[in-house]
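This report concerns only the one structure given below.
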Amino acid sequence: MNGPVLEVRDLNVWFDGPGGRDVHAVRGVSFDVRPGDRLALVGESGCGKTTTVLGVLGLLGATASVSGSVRVDGQEVLTGGDAAMAPYRWGDLSIVFQGALNALNPVRTVGSQIAEVLPRDGRVSRRAALRRAGELLERVGMAARNVAFYPHELSGGMRQRACIAMALAGEPRVLFADEPTTALDVVVQAQILELLDRLADELGLAIVLISHDLGLVGQLCDRAMVMYAGRAVEEGPTEGLYTAPRHPYTRLLYEATPVLGADRPLRSIGGSPPALDVPLAGCAFRGRCPDAEDRCSLAEPALTPVAPAHRAACHLTGRTP
Amino acid sequence: MNRGLDLVLRRTAVALITIFCAISLNFLLFRVVPGDAVSNLARVPNSTVAQQQALRHEFGLDRSIGVQYVAYLRELAHGNLGRSFANGQPVSKNLGEALGNTLPMVLLGTVVAILAGIATGVLGAVRRGTRTDRALTVSSLTVYALPAQWVGLLLLFLLGGVFPSGGRVDEFLIEPSPWQHTVDVLWHMTLPSLVVGLTLFGQYALLTRTAMLETLAEDYVLTARAKGLSTLRIVRHHALRNAMLPISTLIALSLGSVVGGVVLIETVFSWPGIGRAIYSAVTSRDYPMLQGAFLVLTVVVVVCNYVSDLIYLRLDPRITV
Ligand SMILES: Nc1ncnc2c1ncn2[C@@H]1O[C@H](COP(=O)(O)OP(=O)(O)O)[C@@H](O)[C@H]1O
Ligand code: SF4
Ligand SMILES: [Mg+2]
């Protein structure tokens with residue numbers, strides 16, 4: 001059981017654009033998730049984190065085309081359509097979405113939304129299912145009586161906890177969390193991260209955390225993949241990304257992140273990411289890169305090893321040993 | 001529970017007050033028109049002034065408007081709406097019969113329209129952008145745009161040979177059994193109900209499609225898909241459940257307007273309902289009947305709105321007033 005639960009290879013996603021100008025939102029992303037892994041996908045808003053996750057889970061709409069390979073336990077699920085992915089939904093791969101308010105159905109109780117995904121061994125009665133839902137709520141630090149509540153009757157932090165309880169209902173092996181703490185205040189943010197940390201330990205859960213905040217992901221994840229313009233530009237141990245970033249974007253992203261107790265000025269990254277509906281020549285980051293050279297506009301750098309378990313996609317780091 | 005009861009009481013009070021206002025307006029409306037009942041009486045031509053005075057006195061029309069109003073309310077409380085000029089029967093009896101003929105006919109058509117409209121709208125939204133969707137939308141739009149009486153005439157022309165083209169019962173059926181009678185009435189009801197159904201169907205289908213497209217794009221539907229729920233379950237328990245909020249409001253509101261719109265349909269099909277009662281009351285200047293019919297229609301509209309409020313309350317847990 002030491003093989004990866006999830007193997008993603010060369011994932012590409014295009015969205016239909018007006019006049020055939022398709023948006024190439026995810027460009028050749030690959031990663032593995034092994035049991036108990038804590039992986040982070042990091043990058044500015046719009047860099048393709050959510051699209052990557054939805055593409056892996058087969059949840060993109062009809063306007064998206066996906067290519068590449070996604071394997072769960074070695075079984076290809078991308079090419080088989082919905083039917084291939086169906087057996088792994090929630091039972092193996094589940095997800096907590098950003099903005100818990102709308103991730104929960106506003107006209108149904110929290111309990112019923114948890115209960116509807118409980119594994120049905122034989123005939124589980126409604127009462128038993130709700131009791132189990134209550135236990136799951138207790139597991140995430142809520143009172144069991146919250147099963148009878150509607151989402152609008154809970155605070156933002158409580159809704160996010162309820163979403164996590166719901167994500168646990170299928171007893172998954174990999175939990176995706178897409179910006180689970182965005183729109184929450186700092187104290188609640190820390191509580192949610194702590195909760196995810198504890199659950200991952202207790203349940204042997206692998207976590208894929210998606211966040212725009214490079215500083216935050218280090219609290220939960222030991223490995224991170226930095227994405228820019230739909231691509232992985234650097235991948236390595238979180239500590240290494242903080243102390244020895246090998247891609248200029250990672251460095252600038254970290255400098256733009258407030259870190260508690262760090263006495264340094266905050267610098268935002270100038271400019272904005274490139275449009276993805278035209279083919280990119282050269283490095284996608286060169287328009288904003290302080291280190292750009294002539295060759296950066298000629299060829300797109302490949303993701304190459306720069307240290308053990310650490311890879312970066314920059315012409316300059318490729319040269320440095 | 002408490003919140004629900006409180007809201008129901010509030011809405012009930014509002015509905016009762018509205019009905020009381022409608023009753024008062026109904027009283028006033030018929031007093032402020034120039035001339036009173038006696039001078040309008042075409043039935044007593046060449047009457048002398050003295051005769052008219054005597055009539056006024058007999059009907060209490062020479063008393064103050066306040067006294068008349070109280071008398072009106074008192075009689076109304078006893079279910080007395082006066083006597084029809086046309087057939088000398090109590091207005092309440094005439095209206096009761098007419099309403100008893102109209103309501104089943106309208107309800108049959110409405111139920112068919114609701115079921116077909118929601119099914120059509122849901123199918124169109126789920127199959128968005130396909131040929132099925134386009135065909136359904138075009139048909140709904142077409143039906144929606146056609147005037148009711150025109151649809152009625154068209155159906156008469158097309159199906160008049162198959163179904164009875166007018167009336168409520170077959171006058172030549174001798175001593176029918178209750179079963180035969182019911183079948184006969186239903187048989188006669190088919191065409192007018194179909195017209196009611198068709199005129200409502202288009203707007204129900206279009207609104208359902210729009211509302212479903214909106215809810216299908218919500219985050220909680222994405223969550224439901226990630227949970228691996230079946231399409232049927234996602235549509236029924238998540239998307240449609242939320243889409244029913246605007247749909248139920250439209251249904252209740254359209255019911256009120258349909259009961260008013262039956263004048264045309266019932267005239268085309270000689271259906272002895274409230275619509276035709278109004279039509280003949282107008283043509284024969286049957287002033288007590290008209291007043292009674294207006295009252296009934298107003299109450300029906302208020303009741304429909306009241307029911308719509310209650311349904312909304314039941315569907316949406318977020319409502320607090
Ligand atoms: N449904 C969609 N249709 C068209 N473009 C989309 C759609 N969803 C996302 N995109 C585009 O894909 C890119 C990546 O978006 P997203 O994955 O949401 O980024 P992130 O989650 O990193 O903020 C963005 O440029 C966004 O505009
Ligand atoms: S390849 Fe060139 S432009 Fe791109 S990040 Fe490296 S130095 Fe900057
Ligand atoms: Mg996102």
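FYI, nothing fancy with the structure tokens labels: chains A, B, ... in order, residues from 1 per chain, ligands from 1 as they appear.
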Contacts from chain B to chain A, 9 Å maximum, only C-alpha atoms: show me the residue list as a VMD selection string.
chain B and resid 218 to 229 237 to 239 241 to 242 315 to 318
Could you save the residues just selected, with N, CA and C atoms, as a compact mmCIF listing (two decimals), in the first residue's frame?
# COMPACT_ATOMS: atom_id res chain seq x y z
N GLU B 218 -24.67 26.67 -9.30
CA GLU B 218 -24.30 27.02 -7.92
C GLU B 218 -23.25 26.06 -7.37
N ASP B 219 -22.52 26.56 -6.36
CA ASP B 219 -21.47 25.74 -5.76
C ASP B 219 -22.01 24.45 -5.16
N TYR B 220 -23.22 24.53 -4.56
CA TYR B 220 -23.69 23.32 -3.90
C TYR B 220 -24.02 22.22 -4.90
N VAL B 221 -24.26 22.58 -6.16
CA VAL B 221 -24.45 21.54 -7.18
C VAL B 221 -23.10 20.91 -7.54
N LEU B 222 -22.06 21.75 -7.57
CA LEU B 222 -20.71 21.23 -7.78
C LEU B 222 -20.37 20.26 -6.64
N THR B 223 -20.67 20.68 -5.41
CA THR B 223 -20.44 19.79 -4.27
C THR B 223 -21.20 18.48 -4.45
N ALA B 224 -22.46 18.59 -4.85
CA ALA B 224 -23.28 17.39 -5.02
C ALA B 224 -22.68 16.47 -6.08
N ARG B 225 -22.14 17.07 -7.15
CA ARG B 225 -21.51 16.23 -8.19
C ARG B 225 -20.25 15.58 -7.64
N ALA B 226 -19.46 16.35 -6.87
CA ALA B 226 -18.25 15.78 -6.29
C ALA B 226 -18.59 14.64 -5.34
N LYS B 227 -19.78 14.74 -4.72
CA LYS B 227 -20.20 13.69 -3.79
C LYS B 227 -20.56 12.41 -4.52
N GLY B 228 -20.63 12.48 -5.84
CA GLY B 228 -20.93 11.28 -6.61
C GLY B 228 -22.41 10.94 -6.65
N LEU B 229 -23.27 11.93 -6.34
CA LEU B 229 -24.71 11.66 -6.39
C LEU B 229 -25.15 11.50 -7.84
N HIS B 237 -32.92 16.89 -5.49
CA HIS B 237 -32.68 17.31 -4.11
C HIS B 237 -31.85 18.58 -3.98
N HIS B 238 -31.18 18.96 -5.05
CA HIS B 238 -30.35 20.15 -4.93
C HIS B 238 -30.80 21.27 -5.88
N ALA B 239 -30.72 21.01 -7.18
CA ALA B 239 -31.02 22.10 -8.12
C ALA B 239 -32.50 22.47 -8.12
N ARG B 241 -34.87 21.74 -6.04
CA ARG B 241 -35.38 22.17 -4.74
C ARG B 241 -35.19 23.67 -4.56
N ASN B 242 -34.07 24.20 -5.01
CA ASN B 242 -33.84 25.64 -4.91
C ASN B 242 -34.59 26.39 -6.00
N LEU B 315 -40.54 26.23 1.75
CA LEU B 315 -39.41 25.84 0.91
C LEU B 315 -38.11 26.52 1.35
N ASP B 316 -38.21 27.74 1.84
CA ASP B 316 -36.99 28.49 2.12
C ASP B 316 -36.81 28.76 3.61
N PRO B 317 -35.87 28.03 4.23
CA PRO B 317 -35.68 28.19 5.67
C PRO B 317 -35.07 29.53 6.04
N ARG B 318 -34.59 30.29 5.04
CA ARG B 318 -33.88 31.53 5.37
C ARG B 318 -34.81 32.69 5.67
Taking only C-alpha atoms and all ligand atoms into account, report as a ChimeraX atom specification which residues have an atom no farther than 6 Å from an atom of ligand 2.
/A:247-248,283,285-286,289,291-293,296,301,314-316
Closest atom pairs, residues of chain A within 10 Å of ligand 1, only C-alpha atoms and all ligand atoms, as JSON lines:
{"residue": "A:Val13", "atom": "CA", "partner": "ligand 1", "partner_atom_place_in_ligand_line": "12 (O)", "distance": 8.6}
{"residue": "A:Trp14", "atom": "CA", "partner": "ligand 1", "partner_atom_place_in_ligand_line": "5 (N)", "distance": 8.0}
{"residue": "A:Phe15", "atom": "CA", "partner": "ligand 1", "partner_atom_place_in_ligand_line": "4 (C)", "distance": 4.9}
{"residue": "A:Asp16", "atom": "CA", "partner": "ligand 1", "partner_atom_place_in_ligand_line": "4 (C)", "distance": 6.7}
{"residue": "A:Gly17", "atom": "CA", "partner": "ligand 1", "partner_atom_place_in_ligand_line": "4 (C)", "distance": 6.9}
{"residue": "A:Pro18", "atom": "CA", "partner": "ligand 1", "partner_atom_place_in_ligand_line": "4 (C)", "distance": 9.9}
{"residue": "A:Asp22", "atom": "CA", "partner": "ligand 1", "partner_atom_place_in_ligand_line": "4 (C)", "distance": 8.4}
{"residue": "A:Val23", "atom": "CA", "partner": "ligand 1", "partner_atom_place_in_ligand_line": "5 (N)", "distance": 6.2}
{"residue": "A:His24", "atom": "CA", "partner": "ligand 1", "partner_atom_place_in_ligand_line": "12 (O)", "distance": 7.4}
{"residue": "A:Ala25", "atom": "CA", "partner": "ligand 1", "partner_atom_place_in_ligand_line": "12 (O)", "distance": 4.5}
{"residue": "A:Val26", "atom": "CA", "partner": "ligand 1", "partner_atom_place_in_ligand_line": "14 (C)", "distance": 7.2}
{"residue": "A:Leu41", "atom": "CA", "partner": "ligand 1", "partner_atom_place_in_ligand_line": "22 (O)", "distance": 8.7}
{"residue": "A:Val42", "atom": "CA", "partner": "ligand 1", "partner_atom_place_in_ligand_line": "22 (O)", "distance": 7.8}
{"residue": "A:Gly43", "atom": "CA", "partner": "ligand 1", "partner_atom_place_in_ligand_line": "22 (O)", "distance": 6.3}
{"residue": "A:Glu44", "atom": "CA", "partner": "ligand 1", "partner_atom_place_in_ligand_line": "22 (O)", "distance": 6.2}
{"residue": "A:Ser45", "atom": "CA", "partner": "ligand 1", "partner_atom_place_in_ligand_line": "23 (O)", "distance": 3.5}
{"residue": "A:Gly46", "atom": "CA", "partner": "ligand 1", "partner_atom_place_in_ligand_line": "19 (O)", "distance": 3.4}
{"residue": "A:Cys47", "atom": "CA", "partner": "ligand 1", "partner_atom_place_in_ligand_line": "22 (O)", "distance": 4.0}
{"residue": "A:Gly48", "atom": "CA", "partner": "ligand 1", "partner_atom_place_in_ligand_line": "17 (O)", "distance": 3.3}
{"residue": "A:Lys49", "atom": "CA", "partner": "ligand 1", "partner_atom_place_in_ligand_line": "22 (O)", "distance": 3.7}
{"residue": "A:Thr50", "atom": "CA", "partner": "ligand 1", "partner_atom_place_in_ligand_line": "21 (O)", "distance": 3.6}
{"residue": "A:Thr51", "atom": "CA", "partner": "ligand 1", "partner_atom_place_in_ligand_line": "17 (O)", "distance": 3.6}
{"residue": "A:Thr52", "atom": "CA", "partner": "ligand 1", "partner_atom_place_in_ligand_line": "17 (O)", "distance": 6.3}
{"residue": "A:Val53", "atom": "CA", "partner": "ligand 1", "partner_atom_place_in_ligand_line": "17 (O)", "distance": 8.1}
{"residue": "A:Leu54", "atom": "CA", "partner": "ligand 1", "partner_atom_place_in_ligand_line": "17 (O)", "distance": 8.3}
{"residue": "A:Gly55", "atom": "CA", "partner": "ligand 1", "partner_atom_place_in_ligand_line": "17 (O)", "distance": 9.4}
{"residue": "A:Leu60", "atom": "CA", "partner": "ligand 1", "partner_atom_place_in_ligand_line": "1 (N)", "distance": 7.5}
{"residue": "A:Gly61", "atom": "CA", "partner": "ligand 1", "partner_atom_place_in_ligand_line": "1 (N)", "distance": 7.1}
{"residue": "A:Ala62", "atom": "CA", "partner": "ligand 1", "partner_atom_place_in_ligand_line": "1 (N)", "distance": 9.1}
{"residue": "A:Thr63", "atom": "CA", "partner": "ligand 1", "partner_atom_place_in_ligand_line": "3 (N)", "distance": 6.8}
{"residue": "A:Ala64", "atom": "CA", "partner": "ligand 1", "partner_atom_place_in_ligand_line": "1 (N)", "distance": 7.2}
{"residue": "A:Gln98", "atom": "CA", "partner": "ligand 1", "partner_atom_place_in_ligand_line": "21 (O)", "distance": 9.9}
{"residue": "A:Asp178", "atom": "CA", "partner": "ligand 1", "partner_atom_place_in_ligand_line": "21 (O)", "distance": 7.9}
{"residue": "A:Glu179", "atom": "CA", "partner": "ligand 1", "partner_atom_place_in_ligand_line": "21 (O)", "distance": 8.6}
{"residue": "A:Ile210", "atom": "CA", "partner": "ligand 1", "partner_atom_place_in_ligand_line": "21 (O)", "distance": 7.9}
{"residue": "A:Ser211", "atom": "CA", "partner": "ligand 1", "partner_atom_place_in_ligand_line": "22 (O)", "distance": 8.1}
{"residue": "A:His212", "atom": "CA", "partner": "ligand 1", "partner_atom_place_in_ligand_line": "22 (O)", "distance": 7.4}
{"residue": "A:Met227", "atom": "CA", "partner": "ligand 1", "partner_atom_place_in_ligand_line": "22 (O)", "distance": 8.0}
{"residue": "A:Tyr228", "atom": "CA", "partner": "ligand 1", "partner_atom_place_in_ligand_line": "22 (O)", "distance": 8.5}
{"residue": "A:Ala229", "atom": "CA", "partner": "ligand 1", "partner_atom_place_in_ligand_line": "14 (C)", "distance": 7.8}
{"residue": "A:Gly230", "atom": "CA", "partner": "ligand 1", "partner_atom_place_in_ligand_line": "14 (C)", "distance": 6.8}
{"residue": "A:Pro273", "atom": "CA", "partner": "ligand 1", "partner_atom_place_in_ligand_line": "25 (O)", "distance": 8.8}
{"residue": "A:Pro274", "atom": "CA", "partner": "ligand 1", "partner_atom_place_in_ligand_line": "25 (O)", "distance": 9.0}
{"residue": "A:Ala275", "atom": "CA", "partner": "ligand 1", "partner_atom_place_in_ligand_line": "25 (O)", "distance": 7.5}
{"residue": "A:Leu276", "atom": "CA", "partner": "ligand 1", "partner_atom_place_in_ligand_line": "25 (O)", "distance": 6.7}
{"residue": "A:Asp277", "atom": "CA", "partner": "ligand 1", "partner_atom_place_in_ligand_line": "25 (O)", "distance": 8.9}
From stretch 24-266 of chain A, collect each residue whose DSSP state is strand (DSSP E) and return the set as a PyMOL selection string.
chain A and resi 24-33+38-42+64-72+75-76+93-96+174-178+206-211+223-228+231-237
Using the chain letters and numbers from this document, which residues of stretch 66-177 of chain B does DSSP assign to alpha helix (DSSP H), as a PyMOL selection string?
chain B and resi 66-77+91-126+131-145+148-159
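Across the structure, atom CA of A:Leu168 and atom CA of A:Arg223 are spaced 22.5 Å apart.
Computed from the coordinates, the atom CA of B:Thr142 to atom CA of B:Gly121 distance equals 14.4 Å.
If you count only C-alpha atoms and ignore residues fewer than 5 places along the chain from stretch 150-163 of chain B, what sits within 9 Å of it is Val143, Trp187, His188, Thr190, Leu191, Pro192, Leu194, Val195, Val196, Leu198, Thr199, Leu264, Ile265, Val268 and Phe269 of chain B.
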Quick one: residues within 6 Å of A:Glu234, only C-alpha atoms counted, chain neighbours fewer than 5 positions away excluded, as a list in words?
Met225, Val226, Arg311 and Ala312 of chain A
